[in-house]
file start-v5.cif (mmCIF, C-alpha atoms)
data_data
loop_
_atom_site.label_atom_id
_atom_site.label_comp_id
_atom_site.auth_asym_id
_atom_site.auth_seq_id
_atom_site.Cartn_x
_atom_site.Cartn_y
_atom_site.Cartn_z
CA MET A 7 0.00 0.00 0.00
CA PRO A 8 1.57 3.33 -0.98
CA ALA A 9 2.47 5.47 1.96
CA THR A 10 0.39 8.60 2.58
CA TYR A 11 3.07 10.56 4.43
CA GLU A 12 6.36 10.22 2.58
CA PRO A 13 9.78 11.80 2.86
CA ILE A 14 10.64 13.46 -0.43
CA ALA A 15 14.14 14.74 0.27
CA THR A 16 16.42 15.67 3.13
CA VAL A 17 19.71 17.46 3.56
CA THR A 18 22.12 18.00 6.41
CA ALA A 19 23.95 21.32 6.35
CA ASN A 20 27.75 21.38 6.25
CA GLY A 21 28.08 24.89 7.62
CA SER A 22 28.95 26.59 4.35
CA ALA A 23 25.51 27.62 3.08
CA SER A 24 22.74 29.99 4.07
CA ASP A 25 20.21 28.71 1.56
CA TYR A 26 18.87 25.30 0.62
CA GLU A 27 16.31 24.73 -2.09
CA PHE A 28 14.15 21.74 -2.93
CA THR A 29 13.50 21.62 -6.66
CA SER A 30 11.41 19.45 -8.99
CA ILE A 31 8.87 18.81 -6.25
CA PRO A 32 6.37 16.26 -7.59
CA SER A 33 2.78 17.43 -7.95
CA THR A 34 1.35 14.12 -6.78
CA TYR A 35 0.85 15.03 -3.12
CA THR A 36 -1.81 17.18 -1.49
CA ASP A 37 0.19 18.98 1.19
CA LEU A 38 3.88 19.42 1.87
CA VAL A 39 5.45 19.50 5.31
CA LEU A 40 8.88 21.04 5.80
CA VAL A 41 10.69 20.03 8.98
CA VAL A 42 13.69 22.10 9.96
CA MET A 43 16.02 21.65 12.91
CA ALA A 44 18.67 24.31 12.62
CA ARG A 45 20.96 26.85 14.19
CA GLY A 46 22.38 29.99 12.66
CA ALA A 47 26.04 30.92 12.57
CA LYS A 48 25.45 34.65 12.80
CA SER A 49 26.75 36.42 15.89
CA ALA A 50 23.30 37.01 17.33
CA THR A 51 20.87 35.27 19.68
CA ASP A 52 18.59 34.25 16.84
CA VAL A 53 17.92 34.55 13.13
CA LEU A 54 14.73 34.44 11.10
CA VAL A 55 14.36 31.60 8.65
CA GLN A 56 12.39 32.44 5.53
CA SER A 57 11.09 30.50 2.58
CA TYR A 58 10.95 31.45 -1.07
CA ILE A 59 8.71 29.62 -3.48
CA ASN A 60 9.34 28.88 -7.15
CA PHE A 61 12.40 31.14 -6.96
CA ASP A 62 10.13 34.15 -6.47
CA PHE A 63 11.95 36.97 -4.70
CA GLY A 64 9.31 39.57 -5.43
CA ASN A 65 7.41 41.27 -2.64
CA ASN A 66 4.72 38.64 -2.79
CA TYR A 67 4.84 37.28 0.73
CA SER A 68 3.20 38.23 4.02
CA ALA A 69 2.70 36.65 7.43
CA THR A 70 0.89 37.01 10.74
CA LEU A 71 2.74 35.97 13.88
CA LEU A 72 1.58 34.79 17.31
CA GLN A 73 4.32 34.24 19.84
CA GLY A 74 5.04 33.76 23.51
CA THR A 75 8.25 35.10 25.00
CA GLY A 76 7.96 33.59 28.44
CA SER A 77 6.59 36.80 29.85
CA ALA A 78 4.16 38.02 27.21
CA ALA A 79 1.98 36.92 24.32
CA GLN A 80 2.47 39.01 21.20
CA SER A 81 1.17 39.27 17.66
CA SER A 82 2.52 41.15 14.68
CA ARG A 83 2.31 41.20 10.90
CA VAL A 84 4.57 41.76 7.92
CA THR A 85 3.36 42.57 4.42
CA ASN A 86 4.83 42.72 0.92
CA GLN A 87 7.99 40.84 1.82
CA SER A 88 10.49 39.12 -0.44
CA GLY A 89 10.36 35.94 1.65
CA LEU A 90 7.85 33.95 3.65
CA ALA A 91 8.73 34.07 7.35
CA LEU A 92 8.73 30.55 8.82
CA GLY A 93 10.33 30.78 12.24
CA THR A 94 13.15 32.02 14.43
CA ILE A 95 16.05 29.73 15.36
CA PRO A 96 18.93 30.15 17.82
CA ALA A 97 22.17 31.62 16.52
CA ALA A 98 25.77 31.85 17.66
CA THR A 99 25.33 33.75 20.93
CA SER A 100 22.38 31.63 22.05
CA THR A 101 22.77 28.71 24.44
CA SER A 102 25.44 26.39 23.12
CA GLY A 103 23.99 23.32 21.49
CA ALA A 104 20.50 24.76 21.12
CA PHE A 105 18.85 24.15 17.77
CA GLY A 106 15.45 25.52 16.81
CA THR A 107 12.67 23.54 15.21
CA ILE A 108 10.28 24.63 12.48
CA ILE A 109 7.42 22.61 11.06
CA ALA A 110 5.74 24.30 8.10
CA HIS A 111 2.64 23.05 6.32
CA TYR A 112 2.24 24.08 2.68
CA GLN A 113 -1.45 23.29 2.17
CA ASN A 114 -2.80 22.22 -1.23
CA TYR A 115 0.47 23.29 -2.78
CA ALA A 116 -0.18 21.87 -6.24
CA ASN A 117 -3.45 23.62 -7.00
CA ALA A 118 -3.39 26.39 -9.60
CA THR A 119 -6.44 28.22 -8.26
CA THR A 120 -5.72 29.67 -4.83
CA TYR A 121 -2.95 31.70 -3.28
CA LYS A 122 -0.75 29.48 -1.12
CA THR A 123 -1.26 29.52 2.64
CA VAL A 124 1.48 28.14 4.90
CA LEU A 125 1.09 27.33 8.60
CA SER A 126 4.27 27.07 10.64
CA ARG A 127 5.15 26.40 14.25
CA SER A 128 8.61 27.09 15.52
CA SER A 129 10.59 27.23 18.69
CA GLN A 130 13.71 29.26 19.24
CA THR A 131 13.97 27.05 22.36
CA VAL A 132 15.66 29.72 24.45
CA SER A 133 13.51 32.76 23.77
CA PHE A 134 10.27 32.16 21.87
CA VAL A 135 7.52 29.79 20.91
CA GLN A 136 5.92 30.92 17.69
CA ALA A 137 3.19 30.17 15.20
CA ARG A 138 2.80 31.90 11.87
CA VAL A 139 0.39 31.88 8.99
CA GLY A 140 1.96 33.02 5.76
CA LEU A 141 0.75 33.78 2.26
CA TRP A 142 2.42 33.57 -1.13
CA ARG A 143 0.29 35.68 -3.44
CA SER A 144 0.48 33.44 -6.44
CA THR A 145 -1.91 30.85 -7.79
CA SER A 146 0.93 28.86 -9.36
CA ALA A 147 1.49 25.32 -8.22
CA ILE A 148 4.55 25.04 -5.99
CA THR A 149 7.43 23.21 -7.63
CA ARG A 150 10.39 24.64 -5.67
CA ILE A 151 10.83 25.61 -2.01
CA GLY A 152 13.85 27.42 -0.71
CA VAL A 153 14.79 27.87 2.94
CA ALA A 154 17.21 30.67 3.76
CA THR A 155 18.42 33.21 6.28
CA TYR A 156 18.28 36.02 3.72
CA GLY A 157 21.76 37.34 4.41
CA ASP A 158 21.80 36.54 8.12
CA GLY A 159 24.64 34.05 7.94
CA ASN A 160 24.96 30.35 7.25
CA PHE A 161 23.19 27.45 8.87
CA VAL A 162 25.59 25.61 11.16
CA SER A 163 26.80 22.15 10.35
CA GLY A 164 24.31 19.52 11.45
CA SER A 165 21.22 21.61 10.69
CA THR A 166 18.68 19.43 8.89
CA PHE A 167 15.96 20.16 6.38
CA THR A 168 13.43 17.50 5.35
CA LEU A 169 10.52 17.80 2.96
CA TYR A 170 7.56 15.40 3.28
CA GLY A 171 4.56 14.88 1.03
CA ILE A 172 1.08 14.01 2.29
CA LYS A 173 -1.30 12.44 -0.18
CA ALA A 174 -5.06 12.59 0.29
CA ALA A 175 -7.37 9.90 -0.99
CA MET B 16 25.47 30.23 -1.75
CA ILE B 17 22.40 28.31 -2.75
CA THR B 18 22.45 24.57 -2.51
CA ARG B 19 19.81 23.07 -4.76
CA LEU B 20 18.60 19.59 -4.12
CA LYS B 21 17.23 17.30 -6.77
CA LEU B 22 15.43 14.06 -6.02
CA SER B 23 18.15 12.05 -7.67
CA THR B 24 21.01 13.50 -5.69
CA VAL B 25 19.84 13.85 -2.15
CA GLU B 26 20.18 11.25 0.50
CA GLN B 27 16.93 9.36 0.92
CA GLY B 28 14.79 9.42 4.02
CA LEU B 29 12.99 6.43 5.33
CA PRO B 30 12.70 3.43 3.03
CA LYS B 31 9.33 3.59 1.31
CA TYR B 32 8.60 -0.07 0.76
CA ARG B 33 9.86 -3.43 1.85
CA SER B 34 9.84 -6.54 -0.24
CA MET B 35 6.85 -8.73 0.49
CA LEU B 36 9.02 -11.86 0.20
CA ALA B 37 8.70 -14.44 2.93
CA GLY B 38 10.53 -13.52 6.07
CA ASN B 39 9.95 -9.80 5.74
CA THR B 40 7.33 -8.12 7.83
CA ALA B 41 4.73 -6.23 5.88
CA PHE B 42 5.14 -2.49 5.56
CA VAL B 43 2.20 -0.95 7.39
CA PRO B 44 1.82 2.76 6.92
CA ALA B 45 0.99 4.60 10.14
CA PHE B 46 -0.56 7.67 8.47
CA GLU B 47 -3.31 6.84 6.02
CA SER B 48 -5.75 8.86 3.98
CA ILE B 49 -9.36 7.99 4.81
CA ALA B 50 -11.50 10.44 2.81
CA THR B 51 -11.34 13.78 1.02
CA THR B 52 -13.94 16.39 0.14
CA THR B 53 -13.49 19.37 -2.17
CA VAL B 54 -16.32 21.88 -2.44
CA GLY B 55 -17.64 22.33 -5.97
CA SER B 56 -19.20 25.31 -7.64
CA THR B 57 -22.08 25.40 -5.14
CA SER B 58 -21.03 26.43 -1.66
CA VAL B 59 -21.91 24.14 1.22
CA ALA B 60 -22.91 24.78 4.79
CA SER B 61 -20.86 21.90 6.14
CA VAL B 62 -18.89 18.80 5.30
CA THR B 63 -19.23 15.51 7.14
CA PHE B 64 -16.97 12.51 7.36
CA SER B 65 -19.10 9.53 8.31
CA SER B 66 -18.58 5.81 8.90
CA ILE B 67 -15.09 6.53 10.19
CA PRO B 68 -13.31 3.22 10.73
CA SER B 69 -12.32 2.35 14.28
CA THR B 70 -9.00 0.85 13.24
CA TYR B 71 -6.89 3.96 13.87
CA THR B 72 -5.75 5.56 17.11
CA HIS B 73 -5.85 9.24 16.17
CA LEU B 74 -7.36 11.30 13.39
CA GLN B 75 -6.14 14.39 11.61
CA ILE B 76 -8.12 16.67 9.32
CA ARG B 77 -6.18 19.01 7.03
CA CYS B 78 -8.25 21.85 5.60
CA LEU B 79 -8.14 24.74 3.19
CA MET B 80 -11.23 26.90 3.66
CA LYS B 81 -12.91 29.94 2.17
CA LYS B 82 -16.01 31.48 3.66
CA ALA B 83 -18.70 32.63 1.29
CA GLY B 84 -19.59 36.29 1.45
CA THR B 85 -17.69 39.26 2.71
CA GLY B 86 -17.56 38.60 6.42
CA ASN B 87 -14.34 38.67 8.34
CA ASP B 88 -13.00 36.09 10.70
CA SER B 89 -15.11 33.42 12.30
CA PHE B 90 -14.34 29.97 13.59
CA SER B 91 -15.80 26.98 11.87
CA PHE B 92 -17.61 24.52 14.13
CA ILE B 93 -16.86 20.87 14.84
CA HIS B 94 -19.48 18.34 15.89
CA PHE B 95 -19.16 14.62 16.57
CA ASN B 96 -21.62 11.83 15.82
CA GLY B 97 -24.34 14.32 14.86
CA ASP B 98 -24.40 15.81 18.35
CA THR B 99 -25.33 19.50 18.19
CA ASN B 100 -26.40 19.72 21.80
CA THR B 101 -24.52 21.58 24.51
CA ASN B 102 -21.99 18.83 25.11
CA TYR B 103 -18.82 20.72 24.16
CA SER B 104 -16.36 23.21 25.53
CA THR B 105 -13.72 25.14 23.62
CA HIS B 106 -10.90 27.64 24.14
CA TYR B 107 -8.88 29.80 21.78
CA LEU B 108 -5.73 31.89 21.61
CA LEU B 109 -5.34 34.05 18.55
CA GLY B 110 -3.07 36.73 17.18
CA THR B 111 -4.64 39.41 15.01
CA GLY B 112 -1.39 40.92 13.84
CA THR B 113 -1.84 43.82 16.22
CA GLY B 114 -2.93 42.08 19.41
CA VAL B 115 -3.58 38.80 21.16
CA ILE B 116 -7.00 37.55 22.21
CA SER B 117 -7.85 34.60 24.38
CA GLY B 118 -11.27 33.33 25.17
CA ALA B 119 -13.49 30.39 25.82
CA ASN B 120 -16.90 28.99 25.19
CA SER B 121 -17.39 26.70 28.12
CA PRO B 122 -18.81 24.78 29.69
CA SER B 123 -21.69 23.18 27.93
CA VAL B 124 -21.82 24.81 24.54
CA ALA B 125 -22.99 23.44 21.23
CA ASP B 126 -19.74 23.53 19.22
CA ILE B 127 -15.98 23.13 19.25
CA PHE B 128 -14.13 25.90 17.44
CA GLY B 129 -12.37 24.53 14.40
CA GLY B 130 -10.17 26.51 12.04
CA VAL B 131 -10.69 30.18 11.25
CA THR B 132 -12.48 31.15 8.07
CA TRP B 133 -12.55 34.50 6.29
CA GLY B 134 -14.71 35.90 3.49
CA THR B 135 -13.73 38.07 0.56
CA GLY B 136 -13.31 41.79 0.95
CA SER B 137 -10.89 44.62 0.65
CA SER B 138 -8.61 43.06 3.22
CA VAL B 139 -8.61 39.44 2.05
CA SER B 140 -8.95 38.47 -1.61
CA SER B 141 -11.08 35.74 -3.10
CA SER B 142 -7.89 33.74 -3.76
CA THR B 143 -6.85 33.73 -0.10
CA PHE B 144 -7.93 30.67 1.85
CA SER B 145 -7.42 29.83 5.49
CA ALA B 146 -5.62 26.65 6.48
CA ALA B 147 -6.14 24.35 9.43
CA VAL B 148 -4.68 21.18 10.89
CA ILE B 149 -7.10 19.51 13.32
CA ASP B 150 -5.95 16.68 15.59
CA ILE B 151 -8.46 14.37 17.26
CA LEU B 152 -6.72 12.10 19.69
CA ASP B 153 -7.74 8.64 20.91
CA TYR B 154 -11.06 8.95 19.10
CA THR B 155 -12.17 5.35 19.67
CA ASN B 156 -11.47 5.26 23.38
CA THR B 157 -14.70 4.81 25.34
CA ASN B 158 -13.13 5.75 28.66
CA LYS B 159 -12.31 9.32 27.72
CA TYR B 160 -14.03 12.42 26.46
CA THR B 161 -12.77 13.32 22.99
CA THR B 162 -10.14 16.08 22.83
CA VAL B 163 -9.45 18.23 19.79
CA ARG B 164 -6.68 20.70 19.05
CA THR B 165 -6.44 22.93 15.99
CA LEU B 166 -3.72 25.04 14.42
CA SER B 167 -5.17 27.43 11.89
CA GLY B 168 -4.72 30.80 10.29
CA VAL B 169 -5.28 33.09 7.38
CA ASP B 170 -3.13 35.94 6.12
CA GLY B 171 -4.34 38.47 3.57
CA ASN B 172 -1.30 40.73 3.30
CA GLY B 173 -2.60 43.28 5.74
CA ALA B 174 -5.28 41.33 7.57
CA GLY B 175 -5.80 37.90 9.04
CA GLN B 176 -5.06 35.96 12.18
CA MET B 177 -3.12 33.03 13.63
CA ASP B 178 -5.09 30.72 15.91
CA PHE B 179 -4.77 27.92 18.40
CA THR B 180 -7.98 26.29 19.56
CA SER B 181 -8.78 23.31 21.72
CA GLY B 182 -12.01 21.61 22.50
CA MET B 183 -13.68 18.72 24.26
CA TRP B 184 -16.70 16.63 23.45
CA MET B 185 -18.14 15.51 26.78
CA ASN B 186 -19.14 12.08 25.59
CA THR B 187 -17.21 8.84 25.89
CA ASN B 188 -18.63 7.30 22.73
CA ALA B 189 -16.19 6.44 20.00
CA VAL B 190 -16.21 8.99 17.21
CA THR B 191 -17.82 7.65 14.07
CA SER B 192 -18.62 10.89 12.25
CA ILE B 193 -17.21 14.40 12.19
CA GLU B 194 -18.98 17.47 10.86
CA ILE B 195 -17.17 20.72 10.10
CA ALA B 196 -19.69 23.50 9.69
CA GLY B 197 -19.34 27.03 8.41
CA ASN B 198 -20.04 29.95 10.70
CA GLY B 199 -21.36 33.17 9.24
CA GLY B 200 -21.23 31.74 5.75
CA ASN B 201 -20.91 28.56 3.72
CA PHE B 202 -17.67 27.04 2.53
CA ASN B 203 -16.88 28.29 -0.94
CA GLN B 204 -15.67 26.43 -4.00
CA TYR B 205 -12.21 24.88 -3.74
CA SER B 206 -12.46 24.54 0.04
CA HIS B 207 -10.78 21.23 0.76
CA PHE B 208 -11.02 18.82 3.70
CA ALA B 209 -8.91 15.68 4.01
CA LEU B 210 -9.29 13.12 6.82
CA TYR B 211 -6.33 10.96 7.82
CA GLY B 212 -5.98 8.11 10.28
CA ILE B 213 -2.92 7.51 12.41
CA LYS B 214 -2.04 4.11 13.80
CA VAL B 215 0.25 3.35 16.67
CA ALA B 216 2.45 0.27 16.94
#
call {"tool": "encode", "arguments": {"input": "start-v5.cif", "output": "structure tokens"}}
result
Amino acid sequence: MPATYEPIATVTANGSASDYEFTSIPSTYTDLVLVVMARGAKSATDVLVQSYINFDFGNNYSATLLQGTGSAAQSSRVTNQSGLALGTIPAATSTSGAFGTIIAHYQNYANATTYKTVLSRSSQTVSFVQARVGLWRSTSAITRIGVATYGDGNFVSGSTFTLYGIKAA
Amino acid sequence: MITRLKLSTVEQGLPKYRSMLAGNTAFVPAFESIATTTVGSTSVASVTFSSIPSTYTHLQIRCLMKKAGTGNDSFSFIHFNGDTNTNYSTHYLLGTGTGVISGANSPSVADIFGGVTWGTGSSVSSSTFSAAVIDILDYTNTNKYTTVRTLSGVDGNGAGQMDFTSGMWMNTNAVTSIEIAGNGGNFNQYSHFALYGIKVA
């Protein structure tokens, strides 16, 4: 029986790149799930991880954030961005050994009718717990997904990025 | 530097299949698709998954939703086994982009809040759909009330919200049907609901 929830591809960072892209994504699934466990090399407590879709770097992305800092619940929004915010991960000056996790759901990614809505949950582990809903204002089917720090340094060696496909009946 | 990954060059994840030759255990997927509904050209007030098999441990519903009309945010409603009586409670935490709101409908209300839905207007276009992932745990257990948690949201590039909801059906019956109903408007064309079953070892 074919599996419904399948790994499509995975990569482990070697510390020399700030950007990983999954290309030639098959259209045969219903949803995609991107699982990231990563740390940034930038001299900062955390960095924002963003996604670009189909190599689109136009200002076609937006997101609404809900987060808890340990002392407050907050919400904010970004509009007309060049990347889709997914989550914040620890970076070089954060607790040694701490990696952040991001799980992002790209719903109905292969349809050519709707804009693409992405739900993501992330944990910076030291500072935040976050959830975001993002939008790519394009009706194109998704065939490529990039994950990047957008100039905020490389991902450290050992960071992992895995793309799964979920197939509905 | 951009590292591009192609299917033929990346290291593989879990093995997909095992040979069915004698001596090998059968490959039994843990996450299976049960049923899918996509709304056609006529909007619908609700979708229902019925005759849900009891062979799984947990259920997950993955949704893409569009509310008919021009109304702003409202939660869809979840009902189990056709029960629309005041046998539910529900809580929510949501971010509007400018503030955080928490609230509850409890105890003894007629619905569990499911994912957020949003109509079409100046702030959210007709092409913008909300998304939700709904988890229903231990749905066949007759010693527990049924618990639901939902992650949902919609962003319209200037409007929208990010939501967590949870809910409880105060009935120990096994879940055999699930209804997701619109609130303040039907579900529009291309709204999509997919039910999955999850097995444990």
call {"tool": "closest_residue", "arguments": {"input": "start-v5.cif", "among": "A:Met43, A:Ala69, A:Ala147, A:Val162", "to": "chain B", "atoms": "all atoms listed in the file"}}
result
A:Ala69
call {"tool": "resolve_selection", "arguments": {"input": "start-v5.cif", "expression": "the PyMOL selection byres ((chain A) within 8 of (chain B))", "output": "MDAnalysis selection string"}}
result
chainID A and resid 7:17 22:30 67:72 79:86 113:114 119:125 137:141 145 173:175
call {"tool": "closest_residue", "arguments": {"input": "start-v5.cif", "among": "A:Ala47, A:Val135, A:Leu92, A:Ile109", "to": "Ala78 in chain A", "atoms": "all atoms listed in the file"}}
result
A:Val135
call {"tool": "residues_around", "arguments": {"input": "start-v5.cif", "residues": "Met183 in chain B", "least_positions_apart": "6", "cutoff": "9 Å", "atoms": "all atoms listed in the file", "output": "mmCIF file with C-alpha atoms, keeping the file's coordinate frame"}}
result
data_model
loop_
_atom_site.group_PDB
_atom_site.id
_atom_site.type_symbol
_atom_site.label_atom_id
_atom_site.label_comp_id
_atom_site.auth_asym_id
_atom_site.auth_seq_id
_atom_site.Cartn_x
_atom_site.Cartn_y
_atom_site.Cartn_z
ATOM 1 C CA ASN B 102 -21.990 18.830 25.110
ATOM 2 C CA TYR B 103 -18.820 20.720 24.160
ATOM 3 C CA SER B 104 -16.360 23.210 25.530
ATOM 4 C CA THR B 105 -13.720 25.140 23.620
ATOM 5 C CA ILE B 127 -15.980 23.130 19.250
ATOM 6 C CA TYR B 160 -14.030 12.420 26.460
ATOM 7 C CA THR B 161 -12.770 13.320 22.990
ATOM 8 C CA THR B 162 -10.140 16.080 22.830
ATOM 9 C CA VAL B 163 -9.450 18.230 19.790
ATOM 10 C CA ARG B 164 -6.680 20.700 19.050
#
call {"tool": "atom_distance", "arguments": {"input": "start-v5.cif", "atom1": "CA of Gly212 in chain B", "atom2": "CA of Ser57 in chain A"}}
result
29.2 Å
call {"tool": "resolve_selection", "arguments": {"input": "start-v5.cif", "expression": "the PyMOL selection byres ((chain B and resi 123) around 12)", "output": "PyMOL selection string"}}
result
chain B and resi 99-105+119-122+124-127+182-186
call {"tool": "closest_residue", "arguments": {"input": "start-v5.cif", "among": "A:Thr18, A:Thr36, A:Thr149, A:Thr101", "to": "Ile172 in chain A", "atoms": "only C-alpha atoms"}}
result
A:Thr36
call {"tool": "residues_around", "arguments": {"input": "start-v5.cif", "residues": "Asn156 in chain B", "least_positions_apart": "2", "cutoff": "12 Å", "atoms": "all atoms listed in the file", "output": "number ranges by chain"}}
result
B: 69-73, 151-154, 158-162, 186-191
call {"tool": "resolve_selection", "arguments": {"input": "start-v5.cif", "expression": "the PyMOL selection byres ((chain B and resi 195) around 6)", "output": "number ranges by chain"}}
result
B: 61-62, 92-93, 194, 196
call {"tool": "residues_near_point", "arguments": {"input": "start-v5.cif", "point": "(4.4, 27.1, -4.2)", "cutoff": "7 Å", "atoms": "all atoms listed in the file", "output": "NGL selection string"}}
result
:A and (59-60 or 115 or 122 or 146-151)
call {"tool": "write_last_selection", "arguments": {"input": "start-v5.cif", "atoms": "C-alpha atoms", "output": "mmCIF file, in the frame of the given file"}}
result
data_model
loop_
_atom_site.group_PDB
_atom_site.id
_atom_site.type_symbol
_atom_site.label_atom_id
_atom_site.label_comp_id
_atom_site.auth_asym_id
_atom_site.auth_seq_id
_atom_site.Cartn_x
_atom_site.Cartn_y
_atom_site.Cartn_z
ATOM 1 C CA ILE A 59 8.710 29.620 -3.480
ATOM 2 C CA ASN A 60 9.340 28.880 -7.150
ATOM 3 C CA TYR A 115 0.470 23.290 -2.780
ATOM 4 C CA LYS A 122 -0.750 29.480 -1.120
ATOM 5 C CA SER A 146 0.930 28.860 -9.360
ATOM 6 C CA ALA A 147 1.490 25.320 -8.220
ATOM 7 C CA ILE A 148 4.550 25.040 -5.990
ATOM 8 C CA THR A 149 7.430 23.210 -7.630
ATOM 9 C CA ARG A 150 10.390 24.640 -5.670
ATOM 10 C CA ILE A 151 10.830 25.610 -2.010
#
call {"tool": "residues_around", "arguments": {"input": "start-v5.cif", "residues": "Gly197 in chain B", "least_positions_apart": "2", "cutoff": "9 Å", "atoms": "all atoms listed in the file", "output": "short mmCIF file (atom, residue, chain, number, x, y, z; two decimals) with C-alpha atoms, keeping the file's coordinate frame"}}
result
data_model
loop_
_atom_site.label_atom_id
_atom_site.label_comp_id
_atom_site.auth_asym_id
_atom_site.auth_seq_id
_atom_site.Cartn_x
_atom_site.Cartn_y
_atom_site.Cartn_z
CA VAL B 59 -21.91 24.14 1.22
CA ALA B 60 -22.91 24.78 4.79
CA SER B 61 -20.86 21.90 6.14
CA VAL B 62 -18.89 18.80 5.30
CA LYS B 82 -16.01 31.48 3.66
CA SER B 89 -15.11 33.42 12.30
CA PHE B 90 -14.34 29.97 13.59
CA SER B 91 -15.80 26.98 11.87
CA PHE B 92 -17.61 24.52 14.13
CA THR B 132 -12.48 31.15 8.07
CA ILE B 195 -17.17 20.72 10.10
CA GLY B 199 -21.36 33.17 9.24
CA GLY B 200 -21.23 31.74 5.75
CA ASN B 201 -20.91 28.56 3.72
CA PHE B 202 -17.67 27.04 2.53
#
call {"tool": "axis_aligned_box", "arguments": {"input": "start-v5.cif", "around": "range 75-84 of chain A", "padding_each_side": "4 Å", "output": "AutoDock Vina command-line options"}}
result
--center_x 4.7 --center_y 37.7 --center_z 18.9 --size_x 15.1 --size_y 16.2 --size_z 29.9
call {"tool": "atom_distance", "arguments": {"input": "start-v5.cif", "atom1": "CA of Ser49 in chain A", "atom2": "CA of Gly93 in chain A"}}
result
17.7 Å
call {"tool": "atom_distance", "arguments": {"input": "start-v5.cif", "atom1": "CA of His94 in chain B", "atom2": "CA of Ser65 in chain B"}}
result
11.6 Å
call {"tool": "closest_residue", "arguments": {"input": "start-v5.cif", "among": "A:Val153, A:Val41, A:Ala104, A:Ala116", "to": "Gln56 in chain A", "atoms": "all atoms listed in the file"}}
result
A:Val153
call {"tool": "decode", "arguments": {"input": "start-v5.cif", "residues": "range 128-139 of chain B", "atoms": "N, CA and C atoms", "output": "tab-separated table (two decimals), in the first residue's frame"}}
result
chain	number	residue	atom	x	y	z
B	128	PHE	N	-14.68	25.04	18.47
B	128	PHE	CA	-14.13	25.90	17.44
B	128	PHE	C	-13.12	25.14	16.62
B	129	GLY	N	-13.34	25.13	15.31
B	129	GLY	CA	-12.37	24.53	14.40
B	129	GLY	C	-11.48	25.63	13.84
B	130	GLY	N	-11.05	25.52	12.63
B	130	GLY	CA	-10.17	26.51	12.04
B	130	GLY	C	-10.90	27.79	11.69
B	131	VAL	N	-10.12	28.87	11.60
B	131	VAL	CA	-10.69	30.18	11.25
B	131	VAL	C	-11.05	30.20	9.78
B	132	THR	N	-12.11	30.92	9.47
B	132	THR	CA	-12.48	31.15	8.07
B	132	THR	C	-12.65	32.65	7.85
B	133	TRP	N	-12.51	33.06	6.60
B	133	TRP	CA	-12.55	34.50	6.29
B	133	TRP	C	-13.17	34.67	4.92
B	134	GLY	N	-14.06	35.65	4.77
B	134	GLY	CA	-14.71	35.90	3.49
B	134	GLY	C	-13.84	36.73	2.57
B	135	THR	N	-14.43	37.27	1.56
B	135	THR	CA	-13.73	38.07	0.56
B	135	THR	C	-14.08	39.54	0.74
B	136	GLY	N	-13.07	40.36	0.81
B	136	GLY	CA	-13.31	41.79	0.95
B	136	GLY	C	-12.08	42.56	0.57
B	137	SER	N	-12.03	43.79	1.00
B	137	SER	CA	-10.89	44.62	0.65
B	137	SER	C	-9.62	44.15	1.33
B	138	SER	N	-9.78	43.46	2.46
B	138	SER	CA	-8.61	43.06	3.22
B	138	SER	C	-8.12	41.66	2.87
B	139	VAL	N	-8.98	40.81	2.38
B	139	VAL	CA	-8.61	39.44	2.05
B	139	VAL	C	-9.25	39.08	0.71
